[in-house]
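The next block holds one structure in the form of structure tokens; read it before the comments.
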Amino acid sequence: MKYKQNDIPYLGCNEQKIKQACPELNYENFKHLHRWIIDRYHVHILKDIEKKPAPWTDNPIIQEYRFTNVRREHDKETQWVIHNICSIPEEDMSWASKICNLILFRVINKSETCKHFMPINFDKGVDWNKICRYMQNTPKDYVYFTNVFYCSGMKDTMCKAVNCVSSFRDPENGIPPLLTCIRLVEQTFQDTEYMKGLQSCTRADNFVDTLQKIPGIGKFLSYQIFVDYTYCKEALWSENEYVYAGPGAQRGLNYIFKDKDGMSYEECLFWLRDHWEDICDFYRLPWNPDEIFTDLPEEDRYMNVMSLQNCHCEISKYIRVIQGTGRPRNKYHYKEETNQ
């Protein structure tokens, strides 16, 4: 991703500390991270770009278990966001309505659900009848949400914060969580002072902090919504200079760093970005970004902080399989749809 006009280098971190740090890495685990990135990206090339049949790797762990892509924008759900929300022309949807669609999508985080009623033009109002008809025609055992980015109690918090129309209430189960989440985002859109405040943010961290004022949305989900926004042409920031290490990334970084030399998790991600090729050279690990990231424009052929955050969410799962201490929940079923 190209840098954008309001990017602030090392935002939220101590640049001097990063540049002076001398952390100690776990060689074996860094070697696993290095291999995972190369092998997982090769799967993306063969599966998503060249459309070749499975299996796409001889790495037995990556062949068996599902991992997210090295680059977040290559994942299935993010691709849906980019093509169906981020690419909407400014003349076709207001800034506030587009942002509310990004918020709603990441709350649900399942395009199989969202494609039936999104994007929603909140300026024209929510078509509740359309949404209710969709729900009535959906099998009772269908799960509308995924647990990705899910924070404990998020939907419960949203339900308590929402003023829903009583006609939506099910006599046995109350108001369906899907409707409460849509209604909360609609109420957010209708709060003109809040939306003006969000639009007036000039710093990425302020934008993320303002998103957290929405009931049920925490720091990690706010950061993910921010990253979605960076894919929009009109966004003031790129994903390149602001990062938040969620719980998964922190676990991964704990595997890679023996000693962080006083750096925060976010500072560790910047340190890895700045020293990636030097580390590979020091450990004599092959690294040629022009041969790995063949589908990316030249300016993107490096490990930026967003990609490193994304990879560290996955590497702890990968290492646990190697060490025999755990395994990912999701496996590939090659006779079924394998896009992710």
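For the structure tokens, the naming scheme is as follows: chains receive sequential letters (A, B, ...) according to their order of presentation, residues are indexed from 1 within each chain, and ligands are indexed from 1 in presentation order.
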
Using only C-alpha atoms, find each residue of range 202-288 of chain A with at least one atom at most 10 Å away from an atom of range 1-15 of chain A; report its shortest atom-to-atom pair and that distance in Å (one decimal), sort the rows by chain and rising residue number, and return the result as CSV.
residue,atom,partner,partner_atom,distance
A:Thr202,CA,A:Asn6,CA,6.9
A:Arg203,CA,A:Asn6,CA,6.9
A:Ala204,CA,A:Asp7,CA,7.7
A:Asp205,CA,A:Gly12,CA,7.4
A:Thr230,CA,A:Met1,CA,8.8
A:Tyr231,CA,A:Met1,CA,8.4
A:Lys233,CA,A:Lys4,CA,9.8
A:Glu234,CA,A:Lys4,CA,9.7
A:Ala235,CA,A:Lys4,CA,7.8
A:Leu236,CA,A:Asn6,CA,5.4
A:Trp237,CA,A:Lys4,CA,5.0
A:Ser238,CA,A:Tyr3,CA,5.5
A:Glu239,CA,A:Met1,CA,7.3
A:Asn240,CA,A:Tyr3,CA,6.9
A:Glu241,CA,A:Pro9,CA,5.3
A:Tyr242,CA,A:Leu11,CA,5.4
A:Val243,CA,A:Leu11,CA,8.0
A:Tyr244,CA,A:Gly12,CA,9.2
A:Met263,CA,A:Asn14,CA,8.6
A:Ser264,CA,A:Cys13,CA,8.0
A:Tyr265,CA,A:Cys13,CA,9.7
A:Glu266,CA,A:Cys13,CA,7.1
A:Glu267,CA,A:Cys13,CA,5.9
A:Cys268,CA,A:Cys13,CA,9.7
A:Phe270,CA,A:Tyr10,CA,7.3
A:Trp271,CA,A:Glu15,CA,9.3

>> Between CA of Thr138 in chain A and CA of Ser111 in chain A, what is the distance in Å, rounded to a tenth?
In response: 14.6 Å

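Proximity to Ser87 in chain A was assessed for A:Tyr229, A:Trp276, A:Phe30, A:Tyr194 counting only C-alpha atoms; the smallest distance is recorded for A:Tyr229.
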
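DSSP on the backbone gives strand (DSSP E or B) for these parts of range 3-201 of chain A: A:Glu24, A:Leu25, A:Tyr65, A:Asp170, A:Gly174.
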
> What is the distance between CA of Ser200 in chain A and CA of Cys232 in chain A, in Å to one decimal?
Replying inline: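 Value for the CA of Ser200 in chain A-CA of Cys232 in chain A distance: 16.4 Å.
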